[in-house]
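One file, run-v1.cif, is given below (mmCIF, C-alpha atoms and all ligand atoms).
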```cif
data_final
loop_
_atom_site.label_atom_id
_atom_site.label_comp_id
_atom_site.auth_asym_id
_atom_site.auth_seq_id
_atom_site.Cartn_x
_atom_site.Cartn_y
_atom_site.Cartn_z
CA MET V 1 317.67 102.24 -11.79
CA HIS V 2 314.27 103.40 -10.57
CA THR V 3 311.98 106.13 -11.77
CA PRO V 4 312.33 109.25 -9.61
CA ASP V 5 309.38 110.25 -7.44
CA PHE V 6 308.72 113.50 -9.30
CA ILE V 7 308.06 111.48 -12.46
CA ILE V 8 305.69 109.14 -10.61
CA ASP V 9 303.84 112.22 -9.31
CA PHE V 10 303.70 113.66 -12.82
CA ARG V 11 302.38 110.36 -14.21
CA HIS V 12 299.58 110.34 -11.64
CA GLN V 13 298.09 113.33 -13.46
CA PHE V 14 297.29 111.07 -16.43
CA PRO V 15 294.07 109.09 -15.90
CA PHE V 16 295.01 106.39 -18.40
CA PHE V 17 297.78 105.18 -16.11
CA ASN V 18 295.59 105.24 -13.01
CA ASN V 19 293.14 102.77 -14.48
CA GLN V 20 294.16 99.20 -13.65
CA LEU V 21 291.98 97.89 -16.49
CA ASN V 22 294.45 99.40 -18.93
CA SER V 23 297.52 97.61 -17.60
CA PRO V 24 297.31 94.21 -19.34
CA ILE V 25 297.18 95.72 -22.82
CA SER V 26 299.57 98.52 -22.02
CA GLN V 27 302.21 97.46 -19.56
CA ALA V 28 304.62 99.71 -21.37
CA TYR V 29 303.09 102.53 -23.40
CA LEU V 30 305.98 103.52 -25.66
CA ASP V 31 304.05 105.00 -28.58
CA ASN V 32 304.04 108.63 -27.53
CA ALA V 33 305.13 109.89 -30.93
CA ALA V 34 301.82 108.56 -32.29
CA THR V 35 299.88 110.22 -29.50
CA THR V 36 300.40 111.12 -25.86
CA HIS V 37 297.87 110.39 -23.16
CA ILE V 38 295.65 113.23 -22.07
CA CYS V 39 296.32 114.90 -18.73
CA GLN V 40 293.57 115.06 -16.10
CA PRO V 41 293.09 118.87 -16.27
CA ALA V 42 292.53 118.65 -20.04
CA LEU V 43 290.00 115.86 -19.61
CA ASP V 44 288.23 117.80 -16.84
CA SER V 45 288.12 120.91 -18.99
CA ILE V 46 286.26 119.04 -21.75
CA ALA V 47 283.54 117.98 -19.28
CA ASP V 48 283.55 121.48 -17.79
CA TYR V 49 283.02 123.05 -21.23
CA TYR V 50 280.07 120.80 -22.07
CA GLN V 51 278.53 121.03 -18.58
CA TYR V 52 278.88 124.77 -17.94
CA HIS V 53 280.09 126.68 -20.99
CA HIS V 54 278.66 124.91 -24.00
CA ALA V 55 277.85 127.50 -26.64
CA ASN V 56 279.16 128.21 -30.10
CA VAL V 57 281.88 130.86 -30.37
CA HIS V 58 281.85 134.22 -32.19
CA ARG V 59 278.26 133.92 -33.30
CA SER V 60 275.51 134.55 -30.75
CA SER V 61 275.46 137.64 -28.56
CA HIS V 62 273.94 136.08 -25.43
CA GLN V 63 275.94 136.00 -22.20
CA LEU V 64 276.79 132.31 -22.32
CA ALA V 65 278.23 132.56 -25.84
CA LEU V 66 280.14 135.74 -25.02
CA GLY V 67 281.78 134.11 -22.00
CA THR V 68 282.74 131.02 -24.01
CA SER V 69 284.09 133.14 -26.88
CA ASN V 70 286.21 135.18 -24.45
CA GLN V 71 287.65 132.06 -22.89
CA PHE V 72 288.28 130.57 -26.34
CA GLU V 73 290.23 133.68 -27.36
CA SER V 74 292.14 133.81 -24.09
CA ILE V 75 293.42 130.30 -24.89
CA ARG V 76 294.56 131.54 -28.29
CA GLN V 77 296.54 134.20 -26.42
CA LYS V 78 297.92 131.58 -24.02
CA THR V 79 299.03 129.46 -26.98
CA ALA V 80 300.66 132.48 -28.62
CA ASP V 81 302.50 133.16 -25.35
CA TRP V 82 303.56 129.51 -25.08
CA LEU V 83 305.20 129.77 -28.51
CA ASN V 84 306.30 133.37 -27.98
CA ALA V 85 304.37 134.49 -31.05
CA ALA V 86 304.19 138.27 -31.43
CA GLU V 87 300.38 138.34 -31.55
CA LYS V 88 297.50 136.04 -30.77
CA ASP V 89 296.14 136.51 -34.29
CA GLU V 90 299.15 134.58 -35.58
CA ILE V 91 297.62 131.42 -34.10
CA VAL V 92 295.13 129.60 -36.32
CA TRP V 93 293.19 126.59 -35.04
CA THR V 94 293.07 123.65 -37.39
CA LYS V 95 291.94 120.08 -36.92
CA GLY V 96 295.53 118.88 -36.68
CA ALA V 97 299.06 119.15 -37.99
CA THR V 98 297.97 117.59 -41.27
CA GLU V 99 295.36 120.24 -41.91
CA ALA V 100 297.86 122.96 -41.00
CA ALA V 101 300.36 121.59 -43.54
CA ASN V 102 297.63 121.58 -46.19
CA LEU V 103 296.37 125.05 -45.28
CA ILE V 104 299.82 126.59 -45.64
CA ALA V 105 300.89 124.68 -48.75
CA ASN V 106 297.62 125.24 -50.63
CA GLY V 107 297.60 128.92 -49.67
CA LEU V 108 301.17 129.43 -50.89
CA CYS V 109 300.45 127.62 -54.15
CA GLU V 110 297.42 129.80 -54.81
CA SER V 111 298.99 133.08 -53.87
CA HIS V 112 302.76 133.05 -53.96
CA LEU V 113 304.22 130.28 -56.12
CA GLN V 114 304.54 129.98 -59.87
CA ALA V 115 305.25 127.08 -62.23
CA GLY V 116 308.96 126.25 -62.13
CA ASP V 117 309.47 127.41 -58.52
CA GLU V 118 311.35 125.00 -56.28
CA ILE V 119 310.34 123.54 -52.93
CA ILE V 120 312.96 121.84 -50.77
CA ILE V 121 311.69 119.06 -48.57
CA ALA V 122 313.49 116.36 -46.59
CA LEU V 123 313.29 112.69 -47.51
CA SER V 124 312.40 112.05 -43.89
CA GLU V 125 309.27 114.22 -43.76
CA HIS V 126 306.03 112.84 -42.37
CA HIS V 127 303.48 112.17 -45.13
CA ALA V 128 301.48 115.14 -43.84
CA HIS V 129 304.19 117.39 -45.24
CA PHE V 130 305.69 115.16 -47.91
CA VAL V 131 302.58 114.01 -49.76
CA THR V 132 301.02 117.48 -49.55
CA TRP V 133 303.97 119.09 -51.33
CA GLN V 134 304.44 116.16 -53.70
CA GLN V 135 300.84 116.41 -54.92
CA LEU V 136 300.72 120.18 -55.04
CA ALA V 137 304.02 120.24 -56.93
CA LYS V 138 302.36 118.13 -59.63
CA LYS V 139 299.24 120.25 -59.70
CA TYR V 140 301.09 123.59 -59.86
CA GLN V 141 304.16 122.42 -61.87
CA LEU V 142 306.60 123.09 -59.05
CA GLU V 143 309.97 121.36 -58.69
CA LEU V 144 310.37 119.21 -55.59
CA THR V 145 313.99 119.08 -54.43
CA ILE V 146 314.82 116.43 -51.84
CA ALA V 147 317.29 117.72 -49.24
CA LYS V 148 320.22 115.38 -48.70
CA LEU V 149 320.66 113.71 -45.33
CA ASP V 150 323.96 112.83 -43.66
CA GLU V 151 324.76 109.47 -42.05
CA GLN V 152 322.88 110.47 -38.91
CA LEU V 153 319.81 111.33 -41.01
CA ARG V 154 320.22 115.05 -40.35
CA ILE V 155 319.88 117.53 -43.18
CA ASP V 156 323.31 117.90 -44.75
CA LEU V 157 323.85 121.66 -44.43
CA GLN V 158 326.72 121.85 -46.90
CA ALA V 159 324.67 120.03 -49.51
CA LEU V 160 321.68 122.25 -48.74
CA HIS V 161 323.76 125.33 -49.61
CA THR V 162 324.31 123.90 -53.07
CA GLN V 163 320.72 122.67 -53.46
CA ILE V 164 319.29 126.15 -52.93
CA SER V 165 318.87 128.02 -56.20
CA ASP V 166 317.39 131.34 -57.21
CA LYS V 167 314.15 129.44 -57.86
CA THR V 168 313.87 128.04 -54.32
CA ARG V 169 310.83 129.56 -52.64
CA VAL V 170 310.01 127.23 -49.73
CA ILE V 171 311.80 124.89 -47.34
CA ALA V 172 309.39 122.51 -45.57
CA LEU V 173 310.93 120.55 -42.73
CA ALA V 174 310.14 118.75 -39.48
CA HIS V 175 311.86 120.09 -36.37
CA VAL V 176 312.15 116.51 -35.08
CA ASN V 177 311.54 113.55 -37.39
CA ASN V 178 308.80 111.21 -36.30
CA ALA V 179 310.30 108.07 -37.87
CA THR V 180 313.76 108.42 -36.37
CA GLY V 181 313.54 110.91 -33.50
CA VAL V 182 316.33 112.96 -35.10
CA LYS V 183 316.30 116.67 -34.32
CA GLN V 184 317.10 118.70 -37.42
CA PRO V 185 319.34 121.78 -37.35
CA VAL V 186 316.34 124.01 -38.02
CA GLU V 187 317.98 127.14 -36.57
CA GLU V 188 320.79 127.08 -39.17
CA ILE V 189 318.39 126.11 -41.95
CA ILE V 190 315.96 128.93 -41.16
CA GLU V 191 318.83 131.43 -41.11
CA LEU V 192 320.10 130.16 -44.46
CA ALA V 193 316.59 130.26 -45.91
CA THR V 194 315.84 133.74 -44.61
CA ASN V 195 319.09 135.06 -46.09
CA ASN V 196 317.93 133.70 -49.42
CA ASN V 197 314.38 135.02 -49.14
CA ILE V 198 312.95 131.52 -48.80
CA ILE V 199 309.80 130.78 -46.79
CA THR V 200 310.28 128.25 -43.97
CA ILE V 201 307.55 125.89 -42.78
CA ILE V 202 308.48 123.89 -39.71
CA ASP V 203 306.48 120.87 -38.64
CA GLY V 204 306.84 120.88 -34.87
CA SER V 205 304.64 117.86 -34.14
CA GLN V 206 307.44 115.84 -32.57
CA ALA V 207 309.25 118.78 -30.99
CA ILE V 208 306.46 120.52 -29.11
CA ASN V 209 306.36 118.03 -26.25
CA HIS V 210 310.11 117.86 -25.73
CA MET V 211 311.58 121.36 -25.93
CA PRO V 212 310.62 125.01 -25.51
CA ILE V 213 309.53 126.56 -28.81
CA ASN V 214 310.13 130.23 -29.45
CA VAL V 215 308.87 131.08 -32.92
CA GLN V 216 310.22 134.64 -32.87
CA GLN V 217 313.68 133.40 -31.97
CA LEU V 218 313.48 130.65 -34.59
CA ALA V 219 312.25 133.31 -37.03
CA CYS V 220 310.46 130.72 -39.16
CA ASP V 221 307.49 131.78 -41.27
CA PHE V 222 305.21 128.95 -40.19
CA TYR V 223 305.26 126.41 -37.35
CA PHE V 224 302.56 123.81 -36.71
CA PHE V 225 301.71 120.80 -34.55
CA SER V 226 298.80 118.73 -33.17
CA ALA V 227 297.58 119.20 -29.60
CA HIS V 228 297.32 115.44 -29.00
CA LYS V 229 301.12 115.17 -29.16
CA MET V 230 301.41 117.29 -26.01
CA TYR V 231 298.96 115.77 -23.50
CA ALA V 232 295.83 117.54 -24.85
CA GLY V 233 293.06 116.01 -27.00
CA THR V 234 292.74 114.85 -30.60
CA GLY V 235 291.20 116.91 -33.38
CA LEU V 236 293.01 120.18 -32.74
CA GLY V 237 296.02 121.62 -34.50
CA VAL V 238 297.96 124.83 -33.90
CA CYS V 239 299.15 126.63 -37.00
CA TYR V 240 301.43 129.58 -36.31
CA GLY V 241 302.20 131.98 -39.15
CA LYS V 242 303.96 135.34 -39.18
CA LYS V 243 301.25 137.93 -39.50
CA SER V 244 302.48 139.26 -42.86
CA ARG V 245 302.54 135.70 -44.23
CA LEU V 246 299.04 134.86 -42.99
CA ILE V 247 297.64 138.10 -44.37
CA ALA V 248 299.04 137.18 -47.78
CA LEU V 249 297.48 133.69 -47.78
CA PRO V 250 294.00 133.12 -49.18
CA PRO V 251 291.43 131.23 -47.07
CA TYR V 252 291.72 127.45 -47.06
CA GLN V 253 288.02 126.68 -46.69
CA TYR V 254 284.86 128.71 -47.16
CA GLY V 255 281.82 128.96 -44.93
CA GLY V 256 280.49 130.64 -41.83
CA GLU V 257 282.68 132.81 -39.57
CA MET V 258 285.43 133.32 -42.16
CA VAL V 259 283.46 136.09 -43.87
CA LYS V 260 282.50 139.68 -42.97
CA GLN V 261 280.06 140.46 -45.76
CA VAL V 262 278.37 138.23 -48.29
CA SER V 263 276.35 139.39 -51.30
CA LEU V 264 274.91 137.37 -54.14
CA THR V 265 278.14 137.58 -56.10
CA GLU V 266 280.94 138.51 -53.68
CA SER V 267 282.23 137.75 -50.19
CA GLU V 268 284.50 139.85 -48.04
CA PHE V 269 286.71 137.67 -45.88
CA ASN V 270 287.12 138.10 -42.14
CA GLN V 271 290.26 139.36 -40.45
CA LEU V 272 292.99 137.11 -39.05
CA PRO V 273 292.81 134.47 -37.75
CA TYR V 274 289.10 133.89 -38.47
CA LYS V 275 289.61 133.97 -42.23
CA PHE V 276 291.14 130.49 -41.82
CA GLU V 277 288.56 129.14 -39.38
CA ALA V 278 285.48 128.31 -41.44
CA GLY V 279 282.70 126.54 -39.54
CA THR V 280 282.39 125.63 -35.87
CA PRO V 281 285.85 124.99 -34.45
CA ASN V 282 286.87 122.26 -32.00
CA ILE V 283 285.88 124.33 -28.96
CA SER V 284 286.28 121.57 -26.37
CA GLY V 285 289.67 120.74 -27.91
CA VAL V 286 290.76 124.35 -27.46
CA PHE V 287 289.57 124.29 -23.84
CA ALA V 288 291.60 121.09 -23.32
CA LEU V 289 294.70 122.69 -24.81
CA GLY V 290 294.26 125.69 -22.52
CA ALA V 291 294.04 123.42 -19.48
CA THR V 292 297.11 121.49 -20.67
CA LEU V 293 299.15 124.66 -21.03
CA ASP V 294 298.15 125.75 -17.50
CA PHE V 295 299.06 122.30 -16.22
CA LEU V 296 302.44 122.34 -17.95
CA ALA V 297 303.16 125.88 -16.78
CA ASN V 298 302.93 124.53 -13.22
CA GLN V 299 305.48 121.77 -13.81
CA ASN V 300 309.23 121.98 -13.61
CA LEU V 301 309.65 121.49 -17.34
CA ASN V 302 313.45 121.66 -17.26
CA LYS V 303 313.52 118.80 -14.82
CA LEU V 304 311.02 116.76 -16.83
CA ARG V 305 312.96 117.34 -20.05
CA ALA V 306 316.26 116.45 -18.41
CA TYR V 307 314.66 113.17 -17.28
CA GLU V 308 313.38 112.46 -20.80
CA HIS V 309 316.86 113.11 -22.14
CA LYS V 310 318.43 110.69 -19.66
CA LEU V 311 315.81 108.07 -20.41
CA THR V 312 316.50 108.33 -24.14
CA GLU V 313 320.26 108.00 -23.51
CA TYR V 314 319.62 104.96 -21.34
CA LEU V 315 317.47 103.34 -24.01
CA ILE V 316 320.07 104.00 -26.73
CA GLU V 317 322.83 102.62 -24.52
CA GLN V 318 320.86 99.46 -23.75
CA LEU V 319 319.86 98.86 -27.37
CA LYS V 320 323.46 99.33 -28.54
CA LYS V 321 324.49 96.45 -26.26
CA ARG V 322 322.34 94.03 -28.26
CA SER V 323 324.18 92.76 -31.31
CA ALA V 324 321.04 91.90 -33.31
CA ILE V 325 319.85 95.49 -33.14
CA SER V 326 320.82 98.31 -35.48
CA LEU V 327 319.71 101.83 -34.65
CA LEU V 328 318.70 104.02 -37.58
CA ALA V 329 320.32 107.02 -35.89
CA THR V 330 322.04 107.59 -32.58
CA GLU V 331 322.66 111.34 -32.37
CA GLN V 332 320.37 114.25 -31.47
CA LEU V 333 317.52 111.86 -30.71
CA THR V 334 314.53 113.52 -29.12
CA GLY V 335 311.72 111.44 -27.70
CA ALA V 336 312.06 108.49 -30.08
CA VAL V 337 314.51 105.76 -30.99
CA SER V 338 314.10 103.73 -34.17
CA PHE V 339 315.79 100.42 -34.90
CA ILE V 340 315.67 97.14 -36.76
CA ILE V 341 316.23 93.61 -35.45
CA LYS V 342 318.33 91.29 -37.59
CA ASP V 343 316.24 88.54 -39.21
CA PHE V 344 312.99 89.97 -37.82
CA HIS V 345 310.36 91.77 -39.82
CA SER V 346 309.31 94.85 -37.86
CA ALA V 347 305.60 93.90 -38.00
CA ASP V 348 306.27 90.43 -36.56
CA ALA V 349 308.40 91.83 -33.75
CA ALA V 350 305.79 94.48 -32.92
CA GLU V 351 303.03 91.85 -32.87
CA LEU V 352 304.94 89.61 -30.46
CA LEU V 353 305.80 92.56 -28.25
CA SER V 354 302.18 93.67 -28.32
CA GLN V 355 301.16 90.29 -26.94
CA MET V 356 303.46 91.04 -24.00
CA GLY V 357 301.71 94.37 -23.38
CA ILE V 358 304.22 96.59 -25.19
CA ALA V 359 302.80 99.44 -27.24
CA ILE V 360 305.31 100.57 -29.86
CA ARG V 361 305.01 101.41 -33.53
CA SER V 362 306.42 99.40 -36.42
CA GLY V 363 306.61 99.90 -40.16
CA SER V 364 307.28 103.09 -42.05
CA HIS V 365 305.82 105.56 -39.52
CA CYS V 366 304.11 107.68 -42.21
CA ALA V 367 307.56 108.37 -43.65
CA MET V 368 307.77 105.81 -46.45
CA PRO V 369 310.31 107.59 -48.66
CA LEU V 370 312.86 107.54 -45.84
CA ILE V 371 312.12 104.15 -44.30
CA GLN V 372 311.96 102.33 -47.63
CA SER V 373 315.37 103.70 -48.52
CA ILE V 374 317.10 102.67 -45.28
CA ALA V 375 314.97 99.90 -43.72
CA PRO V 376 312.71 98.32 -46.36
CA GLY V 377 311.16 95.91 -43.84
CA GLY V 378 310.21 98.84 -41.63
CA SER V 379 311.64 99.78 -38.26
CA LEU V 380 310.48 99.60 -34.67
CA ARG V 381 310.04 102.90 -32.91
CA VAL V 382 310.04 103.36 -29.15
CA SER V 383 308.83 106.80 -28.20
CA ILE V 384 308.71 108.24 -24.73
CA ALA V 385 307.14 111.12 -22.83
CA ALA V 386 307.97 112.66 -19.48
CA TYR V 387 305.61 110.20 -17.76
CA THR V 388 307.46 107.13 -19.13
CA LEU V 389 308.90 104.97 -16.35
CA ILE V 390 312.40 103.52 -16.37
CA GLU V 391 310.67 100.27 -15.41
CA GLU V 392 308.63 100.42 -18.64
CA ILE V 393 311.84 100.68 -20.64
CA ASP V 394 313.36 97.79 -18.68
CA TYR V 395 310.25 95.68 -19.19
CA PHE V 396 310.37 96.44 -22.91
CA LEU V 397 314.06 95.44 -23.04
CA SER V 398 313.38 92.18 -21.24
CA CYS V 399 310.58 91.37 -23.72
CA LEU V 400 312.86 92.29 -26.60
CA ASP V 401 315.37 89.74 -25.35
CA GLN V 402 312.67 87.09 -25.38
CA LEU V 403 312.14 87.58 -29.13
CA ASP V 404 315.20 85.42 -29.77
CA ASP V 405 313.07 82.44 -28.73
CA PHE V 406 310.85 82.99 -31.75
CA LEU V 407 313.63 82.89 -34.33
C1 LIG V 501 306.09 114.98 -37.67
C2 LIG V 501 304.62 114.81 -37.84
N1 LIG V 501 303.95 115.60 -38.65
C3 LIG V 501 302.63 115.51 -38.82
C4 LIG V 501 301.90 114.57 -38.15
C5 LIG V 501 300.42 114.48 -38.39
O1 LIG V 501 299.71 114.74 -37.23
P1 LIG V 501 298.11 114.58 -37.22
O2 LIG V 501 297.84 113.17 -37.67
O3 LIG V 501 297.73 114.82 -35.80
O4 LIG V 501 297.56 115.58 -38.17
C6 LIG V 501 302.54 113.69 -37.28
C7 LIG V 501 301.81 112.61 -36.57
O5 LIG V 501 302.35 111.60 -36.24
C8 LIG V 501 303.94 113.82 -37.11
O6 LIG V 501 304.62 113.00 -36.29
#
```

So that I can check it, write out the structure of this file as structure tokens.
Amino acid sequence: MHTPDFIIDFRHQFPFFNNQLNSPISQAYLDNAATTHICQPALDSIADYYQYHHANVHRSSHQLALGTSNQFESIRQKTADWLNAAEKDEIVWTKGATEAANLIANGLCESHLQAGDEIIIALSEHHAHFVTWQQLAKKYQLELTIAKLDEQLRIDLQALHTQISDKTRVIALAHVNNATGVKQPVEEIIELATNNNIITIIDGSQAINHMPINVQQLACDFYFFSAHKMYAGTGLGVCYGKKSRLIALPPYQYGGEMVKQVSLTESEFNQLPYKFEAGTPNISGVFALGATLDFLANQNLNKLRAYEHKLTEYLIEQLKKRSAISLLATEQLTGAVSFIIKDFHSADAAELLSQMGIAIRSGSHCAMPLIQSIAPGGSLRVSIAAYTLIEEIDYFLSCLDQLDDFL
């Protein structure tokens, strides 16, 4: 099998792969769940911002700053459209998915939740979500209920019905799990939650690059992700919240731009979304996200996603043929496949593969509660993007087969 031409063309838009100096250390970059490479238009837009548009936003009234602020807000609108949010003010910029998780959870604890209320969270959550709720549950005397998973590491819906009680206030869940690549049945869970008046917070970090996201159709209360997981730059997160929910949340941080009026004793907070954006935001990061969204809008995303799907199936099929390998899950995998090798510690295997130019992740993938319960020595995770070549997967498989020599 060979990579189709349209994927090679797509890959050419990513400068990392066009630089021969990168090849020895990254002959197969299969760590896209950790971060994706930046696309050329996003990289160009960062230089463009600093060369021609560099000004702070929403502060000064000179022409340069006004132009930059307008462009900054037009990208907020573009992001809202990308997610089909009802309004651009439902999009809050954060520094990443982690900050978004903290912003929402802290806000709900301060404004909505009371001691004894229950939060349902999956065992498989990324630490960004898991640790945040674990720590806040202690601080605010909330009950943390761990949703049960089935054999395929999907939320067990029947069990969830029984786990929900009249004290359940929040369900916090990743759309796609980063440690296993398993897509969760978020549509059914959100419906169940909404029928029970429960707030839903969906971590879309591993979904955003692999499927269309329509927050109004999902009808979740919050949805968040990091821009660097979808070909834009690091240091920028997108935190969507339904307007009524965001209005009800208190600010997360205090400072400039999030206030309208300040006296010696009182401050009046700014309107949405600025009330959550204290201090100078990551302006170049926003420009890069805008350029990425334009770039993606010009691609045949259905075709790219169908390719990713086939590539994942191919990888699963090939791994299943190897008797020393056990996959953590095999169904509904999106972008990532996680497995263990008999008699091999995941860190040792990853180190040997790294010496052969393979970039994959090993260990607990910031999801220790899950990985320690099913693979105490950690797992290996291969994660792909639309620019991943079939030849990279084949090279990885051939290196994997060489690991036997080290046993
Ligand atoms: C599912 C999930 N949630 C949250 C995060 C945290 O993202 P960031 O480190 O960009 O804040 C990640 C990153 O790997 C993730 O995969």

> Counting all atoms listed in the file, what residues are within 6 Å of ligand LIG 501 (chain V), given as a ChimeraX atom specification?
Replying inline: /V:34,96-98,126,128,174,177-178,203,205-206,226

Lys229 of chain V: which residues within 8 Å, counting all atoms listed in the file, same-chain residues fewer than 2 positions away excluded, as a CSV table (one decimal) with C-alpha atoms, keeping the file's coordinate frame?
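Result file around.csv:
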```
chain,number,residue,atom,x,y,z
V,32,ASN,CA,304.0,108.6,-27.5
V,33,ALA,CA,305.1,109.9,-30.9
V,34,ALA,CA,301.8,108.6,-32.3
V,35,THR,CA,299.9,110.2,-29.5
V,36,THR,CA,300.4,111.1,-25.9
V,205,SER,CA,304.6,117.9,-34.1
V,206,GLN,CA,307.4,115.8,-32.6
V,208,ILE,CA,306.5,120.5,-29.1
V,209,ASN,CA,306.4,118.0,-26.2
V,225,PHE,CA,301.7,120.8,-34.6
V,226,SER,CA,298.8,118.7,-33.2
V,227,ALA,CA,297.6,119.2,-29.6
V,231,TYR,CA,299.0,115.8,-23.5
V,232,ALA,CA,295.8,117.5,-24.8
```

>> When you look at segment 368-383 of chain V with a cut-off of 9 Å (counting all atoms listed in the file), what residues show up, excluding the ones that are within fewer than 6 positions of it in the same chain? I need them as JSON, numbers by chain.
In response: {"V": [29, 30, 31, 32, 33, 34, 122, 123, 124, 125, 126, 127, 130, 179, 180, 181, 312, 328, 334, 335, 336, 337, 338, 339, 340, 341, 344, 345, 346, 347, 349, 350, 359, 360, 361, 362]}

> If you count only C-alpha atoms, which residues fall within 12 Å of segment 74-81 of chain V, apart from same-chain ones fewer than 4 positions away, as a PyMOL selection string?
Replying inline: chain V and resi 67-70+85-93+208+212-216+223-225+227+237-242+273-274+283-294+296-297

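Taking atom CA of Ser165 of chain V as the reference point, atom CA of Ile190 of chain V is found at 15.3 Å.
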
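Every protein, DNA or RNA residue with an atom at most 12 Å from Leu149 of chain V, where all atoms listed in the file count and chain neighbours fewer than 2 positions away do not, is listed here: Ile121, Ala122, Leu123, Ser124, Glu125, Ile146, Ala147, Glu151, Gln152, Leu153, Arg154, Ile155, Asp156, Leu157, Gln158, Ala159, Leu160, Val182, Gln184, Pro185, Ala329, Leu370, Ser373 and Ile374 of chain V.
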
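Atom CA of Asn197 of chain V sits 20.7 Å away from atom CA of His129 of chain V.
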
Box centre and edge lengths (Å, one decimal), axis-aligned, segment 134-140 of chain V plus 5 Å each side, as lines of an AutoDock Vina configuration file:
```
center_x = 301.8
center_y = 119.9
center_z = -56.8
size_x = 15.2
size_y = 17.4
size_z = 16.2
```

>> Taking 2 positions as the minimum chain separation for residues in the same chain, which residues sit within 8 Å of Ala28 of chain V when counting all atoms listed in the file? Answer as a ChimeraX atom specification.
In response: /V:26,30,357-359,392-393,395-396

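Minimum atom-to-atom distance to Glu277 of chain V, evaluated using all atoms listed in the file, belongs to V:Met258 out of V:Met356, V:Ile164, V:Ile201, V:Met258.
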
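Here atom CA of Asp5 of chain V is placed at a distance of 13.3 Å from atom CA of Asn300 of chain V.
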
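Considering only C-alpha atoms, the residue among V:Ala42, V:Lys303, V:Leu236, V:Gln71 positioned nearest to His54 of chain V is V:Gln71.
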
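In terms of minimum interatomic distance to Gln40 of chain V, V:Phe10 ranks closest within V:Gln27, V:Leu83, V:Phe10, V:Ala386, counting all atoms listed in the file.
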